[in-house]
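Trainee: My structure file work.txt, compact mmCIF, C-alpha atoms and all ligand atoms, is below:
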```
# COMPACT_ATOMS: atom_id res chain seq x y z
CA MET A 1 -19.28 -6.00 -56.95
CA ILE A 2 -21.19 -5.79 -53.67
CA SER A 3 -19.59 -4.42 -50.52
CA LEU A 4 -20.87 -4.78 -46.94
CA GLY A 5 -19.52 -2.33 -44.38
CA ILE A 6 -19.80 -2.43 -40.60
CA GLU A 7 -19.43 0.70 -38.48
CA SER A 8 -18.84 0.56 -34.73
CA THR A 9 -16.32 3.19 -33.63
CA ALA A 10 -18.53 4.84 -31.01
CA HIS A 11 -22.25 5.20 -30.27
CA THR A 12 -23.53 3.82 -33.58
CA PHE A 13 -23.63 0.26 -34.79
CA GLY A 14 -24.36 0.32 -38.50
CA ALA A 15 -24.29 -1.85 -41.59
CA GLY A 16 -24.29 -0.53 -45.14
CA ILE A 17 -24.33 -2.23 -48.53
CA ILE A 18 -23.22 -0.54 -51.74
CA ASP A 19 -22.20 -1.66 -55.20
CA ASP A 20 -19.12 -0.49 -57.08
CA LYS A 21 -21.16 2.01 -59.13
CA GLY A 22 -21.96 3.79 -55.88
CA LYS A 23 -25.57 2.56 -55.72
CA VAL A 24 -26.79 2.56 -52.12
CA LEU A 25 -28.51 -0.77 -51.39
CA ALA A 26 -28.91 -0.48 -47.61
CA ASN A 27 -27.79 1.74 -44.75
CA VAL A 28 -29.14 0.56 -41.40
CA LYS A 29 -28.03 1.65 -37.95
CA ASP A 30 -28.85 1.75 -34.30
CA LEU A 31 -27.68 4.60 -32.10
CA TYR A 32 -26.98 4.16 -28.41
CA THR A 33 -28.82 6.94 -26.61
CA THR A 34 -29.47 8.01 -23.03
CA LYS A 35 -32.14 10.27 -21.55
CA LYS A 36 -29.73 11.54 -18.93
CA GLY A 37 -25.98 11.30 -18.59
CA GLY A 38 -23.34 10.42 -21.15
CA LEU A 39 -21.98 7.47 -23.00
CA ILE A 40 -20.48 4.60 -20.98
CA PRO A 41 -18.01 2.47 -22.99
CA VAL A 42 -18.97 -0.86 -21.39
CA LYS A 43 -22.66 -0.20 -22.02
CA LEU A 44 -21.82 0.74 -25.60
CA GLY A 45 -20.18 -2.63 -26.18
CA GLU A 46 -23.24 -4.36 -24.71
CA HIS A 47 -25.54 -2.32 -26.94
CA HIS A 48 -23.58 -3.12 -30.10
CA ALA A 49 -23.40 -6.84 -29.29
CA GLU A 50 -27.15 -6.84 -28.72
CA VAL A 51 -28.13 -5.13 -32.00
CA CYS A 52 -25.35 -6.54 -34.23
CA ASP A 53 -27.23 -9.55 -35.56
CA SER A 54 -30.46 -7.68 -36.19
CA ILE A 55 -28.74 -4.76 -37.95
CA LEU A 56 -26.85 -7.08 -40.29
CA ARG A 57 -30.03 -9.02 -41.07
CA GLN A 58 -31.96 -5.81 -41.72
CA ALA A 59 -29.26 -4.54 -44.09
CA LEU A 60 -29.31 -7.75 -46.13
CA GLU A 61 -33.11 -7.77 -46.19
CA LYS A 62 -33.26 -4.15 -47.29
CA ALA A 63 -30.78 -4.85 -50.09
CA ASN A 64 -32.66 -8.04 -50.91
CA LEU A 65 -29.41 -10.00 -50.77
CA LYS A 66 -27.96 -13.04 -49.04
CA MET A 67 -24.45 -13.24 -47.59
CA LYS A 68 -23.38 -15.28 -50.60
CA ASP A 69 -24.12 -12.25 -52.84
CA VAL A 70 -21.74 -10.04 -50.87
CA ASP A 71 -18.24 -9.87 -52.38
CA ILE A 72 -16.24 -8.08 -49.70
CA ILE A 73 -16.61 -7.22 -46.01
CA SER A 74 -15.26 -4.02 -44.50
CA PHE A 75 -15.30 -2.76 -40.95
CA SER A 76 -14.16 0.32 -39.09
CA ILE A 77 -10.78 -0.74 -37.68
CA SER A 78 -9.89 2.73 -36.33
CA PRO A 79 -10.07 5.18 -34.53
CA GLY A 80 -12.59 4.85 -31.72
CA LEU A 81 -13.50 3.32 -28.40
CA GLY A 82 -12.07 -0.17 -27.90
CA HIS A 83 -15.29 -1.53 -26.40
CA ALA A 84 -17.24 -0.44 -29.46
CA LEU A 85 -14.66 -1.15 -32.20
CA ARG A 86 -14.21 -4.71 -30.98
CA ILE A 87 -17.82 -5.72 -31.63
CA GLY A 88 -17.78 -4.61 -35.27
CA ALA A 89 -14.40 -6.24 -35.79
CA VAL A 90 -15.56 -9.57 -34.37
CA ALA A 91 -18.71 -9.51 -36.52
CA ALA A 92 -16.74 -8.69 -39.69
CA ARG A 93 -14.06 -11.33 -39.04
CA THR A 94 -16.67 -13.98 -38.30
CA LEU A 95 -18.57 -13.23 -41.50
CA ALA A 96 -15.37 -13.11 -43.57
CA LEU A 97 -14.19 -16.47 -42.23
CA LYS A 98 -17.56 -18.19 -42.37
CA HIS A 99 -18.39 -17.04 -45.90
CA ARG A 100 -14.79 -16.92 -47.18
CA LYS A 101 -14.87 -13.25 -48.17
CA PRO A 102 -12.02 -10.71 -48.31
CA LEU A 103 -11.77 -8.49 -45.22
CA ILE A 104 -10.85 -4.80 -45.26
CA GLY A 105 -10.10 -2.57 -42.26
CA VAL A 106 -11.19 1.03 -42.82
CA ASN A 107 -10.17 4.22 -41.02
CA HIS A 108 -13.40 5.88 -39.97
CA ALA A 109 -12.34 9.52 -40.54
CA ILE A 110 -11.16 8.72 -44.05
CA ALA A 111 -14.49 7.00 -44.72
CA HIS A 112 -16.29 10.27 -43.93
CA LEU A 113 -14.17 11.98 -46.57
CA GLU A 114 -14.54 9.24 -49.18
CA ILE A 115 -18.33 9.10 -48.92
CA GLY A 116 -18.46 12.89 -49.27
CA ARG A 117 -16.17 12.72 -52.28
CA MET A 118 -18.30 10.06 -53.95
CA LEU A 119 -21.67 11.70 -53.26
CA SER A 120 -20.51 15.19 -54.28
CA GLY A 121 -18.62 14.08 -57.34
CA PHE A 122 -15.83 16.43 -56.23
CA LYS A 123 -12.31 15.38 -57.25
CA ASP A 124 -10.22 16.73 -54.42
CA PRO A 125 -12.29 18.24 -51.62
CA ILE A 126 -11.33 19.37 -48.17
CA LEU A 127 -13.36 17.67 -45.45
CA LEU A 128 -14.56 19.54 -42.41
CA TYR A 129 -15.06 16.55 -40.14
CA VAL A 130 -17.09 17.47 -37.10
CA SER A 131 -18.28 14.55 -35.06
CA GLY A 132 -18.57 13.48 -31.45
CA ALA A 133 -14.95 12.59 -30.76
CA ASN A 134 -13.31 14.16 -33.81
CA THR A 135 -12.85 17.64 -35.15
CA GLN A 136 -10.46 17.85 -38.08
CA VAL A 137 -9.93 19.61 -41.36
CA ILE A 138 -8.58 16.96 -43.71
CA ALA A 139 -7.16 17.20 -47.23
CA TYR A 140 -5.28 14.91 -49.55
CA ASP A 141 -1.64 15.72 -50.09
CA GLY A 142 1.32 13.57 -51.10
CA GLY A 143 -0.23 10.11 -50.71
CA LYS A 144 -2.01 10.74 -47.44
CA TYR A 145 -5.02 12.41 -45.97
CA ARG A 146 -3.41 15.08 -43.87
CA VAL A 147 -4.85 16.96 -40.96
CA PHE A 148 -4.56 20.69 -41.53
CA GLY A 149 -6.40 21.74 -38.42
CA GLU A 150 -7.95 19.99 -35.47
CA THR A 151 -9.20 20.33 -31.95
CA LEU A 152 -6.54 20.72 -29.30
CA ASP A 153 -8.76 19.13 -26.65
CA ILE A 154 -12.22 17.58 -27.06
CA GLY A 155 -14.22 16.97 -30.24
CA VAL A 156 -16.90 19.55 -31.06
CA GLY A 157 -19.73 17.00 -30.72
CA ASN A 158 -18.52 15.89 -27.29
CA PHE A 159 -18.23 19.53 -26.33
CA ILE A 160 -21.82 20.25 -27.41
CA ASP A 161 -23.01 17.04 -25.72
CA SER A 162 -21.23 18.01 -22.48
CA PHE A 163 -22.96 21.38 -22.50
CA ALA A 164 -26.29 19.65 -23.24
CA ARG A 165 -25.68 17.18 -20.42
CA PHE A 166 -24.96 20.09 -18.10
CA LEU A 167 -28.37 21.51 -19.10
CA ASP A 168 -29.91 18.04 -18.44
CA LEU A 169 -30.87 17.48 -22.06
CA GLY A 170 -29.54 13.89 -22.45
CA PHE A 171 -27.48 12.34 -25.27
CA PRO A 172 -27.05 13.19 -28.10
CA GLY A 173 -27.33 16.84 -27.21
CA GLY A 174 -26.56 18.43 -30.60
CA PRO A 175 -30.09 18.36 -32.04
CA LYS A 176 -31.57 19.62 -28.76
CA ILE A 177 -29.09 22.49 -28.55
CA GLU A 178 -29.91 23.40 -32.18
CA GLU A 179 -33.63 23.63 -31.31
CA LEU A 180 -32.88 25.65 -28.18
CA ALA A 181 -30.66 28.04 -30.16
CA LYS A 182 -33.50 28.79 -32.58
CA LYS A 183 -35.37 30.48 -29.73
CA SER A 184 -32.79 33.23 -29.33
CA ARG A 185 -31.05 35.97 -31.32
CA LYS A 186 -29.25 37.47 -28.35
CA TYR A 187 -25.51 37.08 -28.69
CA VAL A 188 -23.53 36.74 -25.48
CA GLU A 189 -19.79 37.31 -25.89
CA LEU A 190 -17.84 34.02 -25.59
CA PRO A 191 -14.15 33.16 -26.04
CA TYR A 192 -13.25 32.55 -29.69
CA THR A 193 -10.39 30.07 -29.54
CA LEU A 194 -8.59 29.57 -32.80
CA LYS A 195 -4.85 28.91 -32.67
CA GLY A 196 -3.41 28.85 -36.16
CA MET A 197 -5.66 26.29 -37.80
CA ASP A 198 -6.54 24.52 -34.57
CA VAL A 199 -9.57 25.00 -32.36
CA SER A 200 -10.15 24.39 -28.67
CA PHE A 201 -13.35 23.97 -26.67
CA GLY A 202 -12.35 23.21 -23.07
CA GLY A 203 -12.21 26.82 -21.92
CA LEU A 204 -15.43 27.62 -23.72
CA LEU A 205 -17.26 24.84 -21.88
CA THR A 206 -16.11 26.18 -18.51
CA ASN A 207 -17.07 29.69 -19.59
CA LEU A 208 -20.59 28.58 -20.60
CA LYS A 209 -21.13 26.67 -17.37
CA THR A 210 -19.91 29.58 -15.27
CA LYS A 211 -22.17 32.00 -17.13
CA TYR A 212 -25.20 29.72 -16.75
CA ARG A 213 -24.60 29.27 -13.00
CA THR A 214 -24.68 33.04 -12.42
CA GLY A 215 -28.37 32.88 -13.40
CA LYS A 216 -27.94 35.99 -15.56
CA TYR A 217 -28.10 34.14 -18.89
CA GLY A 218 -30.82 31.93 -20.30
CA ALA A 219 -30.08 28.50 -21.79
CA GLU A 220 -31.48 29.65 -25.16
CA ASP A 221 -29.14 32.64 -25.40
CA LEU A 222 -26.13 30.57 -24.41
CA ALA A 223 -27.04 27.81 -26.88
CA TYR A 224 -27.42 30.39 -29.66
CA SER A 225 -24.18 32.19 -28.78
CA MET A 226 -22.31 28.93 -28.43
CA GLN A 227 -23.37 27.87 -31.94
CA GLU A 228 -22.51 31.24 -33.46
CA THR A 229 -19.05 31.21 -31.86
CA VAL A 230 -18.10 27.59 -32.37
CA PHE A 231 -19.40 27.30 -35.92
CA ALA A 232 -17.61 30.52 -36.89
CA MET A 233 -14.38 29.02 -35.52
CA LEU A 234 -14.92 25.84 -37.57
CA THR A 235 -15.83 27.74 -40.72
CA GLU A 236 -12.72 29.86 -40.34
CA THR A 237 -10.41 26.82 -40.05
CA ALA A 238 -12.05 25.30 -43.11
CA GLU A 239 -11.53 28.54 -45.02
CA ARG A 240 -7.90 28.76 -43.95
CA ALA A 241 -7.35 25.19 -45.15
CA LEU A 242 -8.97 25.94 -48.52
CA ALA A 243 -6.70 28.95 -48.94
CA HIS A 244 -3.56 27.20 -47.74
CA CYS A 245 -4.03 24.07 -49.84
CA GLU A 246 -5.33 26.06 -52.81
CA LYS A 247 -8.32 23.74 -53.08
CA LYS A 248 -11.73 24.71 -54.34
CA GLU A 249 -14.15 22.18 -52.87
CA LEU A 250 -15.47 21.66 -49.35
CA VAL A 251 -17.51 18.73 -48.05
CA LEU A 252 -18.92 18.22 -44.58
CA GLY A 253 -18.85 15.04 -42.52
CA GLY A 254 -19.73 13.98 -38.97
CA GLY A 255 -22.90 14.28 -36.93
CA VAL A 256 -22.42 17.94 -35.99
CA ALA A 257 -22.62 18.76 -39.70
CA CYS A 258 -26.37 17.92 -39.48
CA ASN A 259 -26.66 21.36 -37.90
CA LYS A 260 -28.32 23.76 -40.35
CA ARG A 261 -26.58 26.81 -38.94
CA LEU A 262 -23.14 25.31 -39.49
CA GLN A 263 -24.13 24.26 -43.01
CA LYS A 264 -25.27 27.81 -43.77
CA MET A 265 -22.05 29.40 -42.51
CA CYS A 266 -19.94 27.03 -44.61
CA ARG A 267 -22.10 27.59 -47.69
CA ILE A 268 -21.76 31.37 -47.41
CA MET A 269 -18.00 31.11 -46.88
CA CYS A 270 -17.61 28.92 -49.98
CA GLU A 271 -19.78 31.23 -52.10
CA ASP A 272 -17.66 34.19 -51.03
CA ARG A 273 -14.45 32.54 -52.19
CA ASP A 274 -15.86 30.81 -55.29
CA ALA A 275 -15.43 27.33 -53.87
CA LYS A 276 -17.91 24.49 -54.33
CA PHE A 277 -19.75 23.21 -51.29
CA TYR A 278 -21.47 19.91 -50.60
CA CYS A 279 -23.20 18.59 -47.54
CA PRO A 280 -24.34 14.93 -47.66
CA GLU A 281 -27.80 14.08 -46.35
CA ASN A 282 -27.96 13.30 -42.63
CA GLN A 283 -27.84 9.50 -42.92
CA PHE A 284 -24.38 9.80 -44.53
CA LEU A 285 -23.14 12.54 -42.19
CA VAL A 286 -23.59 10.63 -38.95
CA ASP A 287 -21.65 7.44 -38.37
CA ASN A 288 -22.88 4.85 -40.85
CA GLY A 289 -21.91 1.51 -42.35
CA LEU A 290 -22.31 2.72 -45.90
CA MET A 291 -19.24 4.97 -45.85
CA ILE A 292 -17.23 2.01 -44.52
CA ALA A 293 -18.57 -0.22 -47.31
CA TRP A 294 -17.69 2.39 -49.96
CA THR A 295 -14.19 3.11 -48.66
CA GLY A 296 -13.61 -0.63 -48.31
CA LEU A 297 -14.42 -1.02 -51.99
CA LEU A 298 -11.90 1.65 -53.00
CA MET A 299 -9.27 0.01 -50.80
CA TYR A 300 -10.05 -3.48 -52.05
CA LYS A 301 -9.58 -2.37 -55.64
CA ALA A 302 -6.15 -1.08 -54.65
CA GLY A 303 -5.30 -4.46 -53.12
CA GLU A 304 -5.78 -3.52 -49.47
CA THR A 305 -7.18 -6.59 -47.74
CA ILE A 306 -6.13 -7.90 -44.33
CA SER A 307 -6.20 -11.37 -42.89
CA PRO A 308 -8.51 -11.86 -39.88
CA GLU A 309 -5.49 -12.76 -37.68
CA LYS A 310 -3.90 -9.39 -38.45
CA SER A 311 -7.06 -7.34 -38.16
CA ALA A 312 -6.64 -6.07 -34.59
CA ILE A 313 -8.48 -2.82 -33.94
CA ARG A 314 -6.43 0.41 -33.81
CA PRO A 315 -8.27 2.73 -31.42
CA TYR A 316 -5.69 5.52 -31.68
CA GLU A 317 -4.78 5.45 -35.38
CA ARG A 318 -4.64 8.93 -36.86
CA THR A 319 -5.95 9.97 -40.26
CA ASP A 320 -2.41 10.69 -41.48
CA ASP A 321 -1.09 7.27 -40.34
CA VAL A 322 -2.87 5.69 -43.29
CA GLN A 323 -1.05 5.32 -46.61
CA VAL A 324 -3.66 6.07 -49.27
CA ARG A 325 -3.02 3.68 -52.16
CA TRP A 326 -6.38 4.06 -53.87
CA ARG A 327 -5.91 7.60 -55.16
P1 LIG A 401 -20.99 11.25 -35.12
O1 LIG A 401 -19.99 10.95 -34.04
O2 LIG A 401 -20.37 11.72 -36.37
O3 LIG A 401 -22.02 10.20 -35.36
O4 LIG A 401 -21.82 12.51 -34.57
C1 LIG A 401 -22.46 12.52 -33.33
C2 LIG A 401 -22.42 13.90 -32.77
O5 LIG A 401 -23.17 14.79 -33.61
C3 LIG A 401 -23.04 14.00 -31.40
O6 LIG A 401 -22.12 14.69 -30.58
C4 LIG A 401 -24.29 14.82 -31.63
O7 LIG A 401 -24.66 15.62 -30.53
C5 LIG A 401 -23.90 15.66 -32.81
N1 LIG A 401 -25.06 16.17 -33.55
C6 LIG A 401 -26.04 15.48 -34.16
N2 LIG A 401 -26.95 16.31 -34.71
C7 LIG A 401 -26.54 17.57 -34.44
C8 LIG A 401 -27.06 18.88 -34.71
N3 LIG A 401 -28.20 19.04 -35.36
N4 LIG A 401 -26.34 19.93 -34.27
C9 LIG A 401 -25.18 19.77 -33.61
N5 LIG A 401 -24.65 18.57 -33.31
C10 LIG A 401 -25.32 17.48 -33.72
MG MG A 402 -17.79 9.83 -37.29
```
Mind turning this structure into structure tokens?
Mentor:
Amino acid sequence: MISLGIESTAHTFGAGIIDDKGKVLANVKDLYTTKKGGLIPVKLGEHHAEVCDSILRQALEKANLKMKDVDIISFSISPGLGHALRIGAVAARTLALKHRKPLIGVNHAIAHLEIGRMLSGFKDPILLYVSGANTQVIAYDGGKYRVFGETLDIGVGNFIDSFARFLDLGFPGGPKIEELAKKSRKYVELPYTLKGMDVSFGGLLTNLKTKYRTGKYGAEDLAYSMQETVFAMLTETAERALAHCEKKELVLGGGVACNKRLQKMCRIMCEDRDAKFYCPENQFLVDNGLMIAWTGLLMYKAGETISPEKSAIRPYERTDDVQVRWR
């Protein structure tokens, strides 16, 4: 069985094709970027509409398939920015209707967990999901993927991007901040904000900006200290979730997980408590169509299709709103 998945929750428009053995046939995407400034929802929609056709064509070409060879079509139905979600939804509905294929609406956060689970071979991992808009520690319990810890304000990626934007580094800022951080080993004390299992970044952002404006601290030292502080907070929430849920496997998901320093902290933490650790390669960490295609397959096999008329996007759906029938 061949599954085509379309991702369009935020900055990335992607299409992935996978078979039911987990063989990756294509994973193509186009990321909306800016040299200066942030991400504007209307522009995002325009970007996705512009690249949609070409991305889908490229995915099929890469997989050496035609639409008639595709068995099911999945798309990210939630959560995300309406302007972006809508484009993927329209593309998926159109293809499903035109080619008479089953349609599946996938929750994006859950797709990050499912692709990590498949690639790692882990049975019941905890996901540390660190992306632009989302920061959550997710684990399966009682028929749902439950959120055991999360950000109380902005997502860690948006936080890092805001700091990068403040330093005039453009979007996405994460990779640039990581490079900047490598140039320093000087730790500047920053607020460490962990409340129970939840994290918060708003105060930290203000603190960083205030420190930078005094002129007493270099961008490199602040980037380094920010990473050390924030990634320690995230590693600690992941560890607390492992202990609380009595689980023994951790996977990473989301674009911020491309950061080597965060990966190292999580690996060390897992080694110390005899847990297994897996970090997917970058193309499966960032937003991608393949994870949507794979999760769609799992859902389809559990009977979870939707009719195009009922496939309205759900920008605010939470991870734990979804009843997981495929596990
Ligand atoms: P996603 O929303 O999952 O596609 O992830 C996008 C976010 O990941 C953006 O906020 C990026 O700045 C961030 N990101 C990408 N690469 C890195 C990196 N190497 N270090 C930190 N953040 C990163
Ligand atoms: Mg994501």
Trainee: Would you please work out which residue, of A:Leu250, A:Leu234, A:Ala109, A:Ile17, is nearest to ligand MG 402 (chain A) when using all atoms listed in the file?
Mentor: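 Selected residue with least distance to ligand MG 402 (chain A): A:Ala109.
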Trainee: Show me which residues sit within 8 Å of ligand LIG 401 (chain A) when counting all atoms listed in the file, and put them as a PyMOL selection string.
Mentor: chain A and resi 10-12+130-134+156-161+171-178+253-260+285-288
Trainee: So how far away is atom CA of A:Arg261 from atom CA of A:His112, in Å?
Mentor: 20.1 Å
Trainee: Go ahead and compute the interatomic distance for atom CA of A:Ala164 and atom CA of A:Leu262, in Å to one decimal.
Mentor: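 Atom CA of A:Ala164 sits 17.5 Å away from atom CA of A:Leu262.
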Trainee: So which one's closest to A:Lys310, A:Leu152, A:Ile77, A:Met67, A:Leu297? Using all atoms listed in the file, please.
Mentor: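 Ranked by minimum distance to A:Lys310, first place goes to A:Ile77.
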Trainee: Just the number, please: distance in Å from atom CA of A:Thr9 to atom CA of A:Leu208, one decimal.
Mentor: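 Separation between atom CA of A:Thr9 and atom CA of A:Leu208: 28.9 Å.
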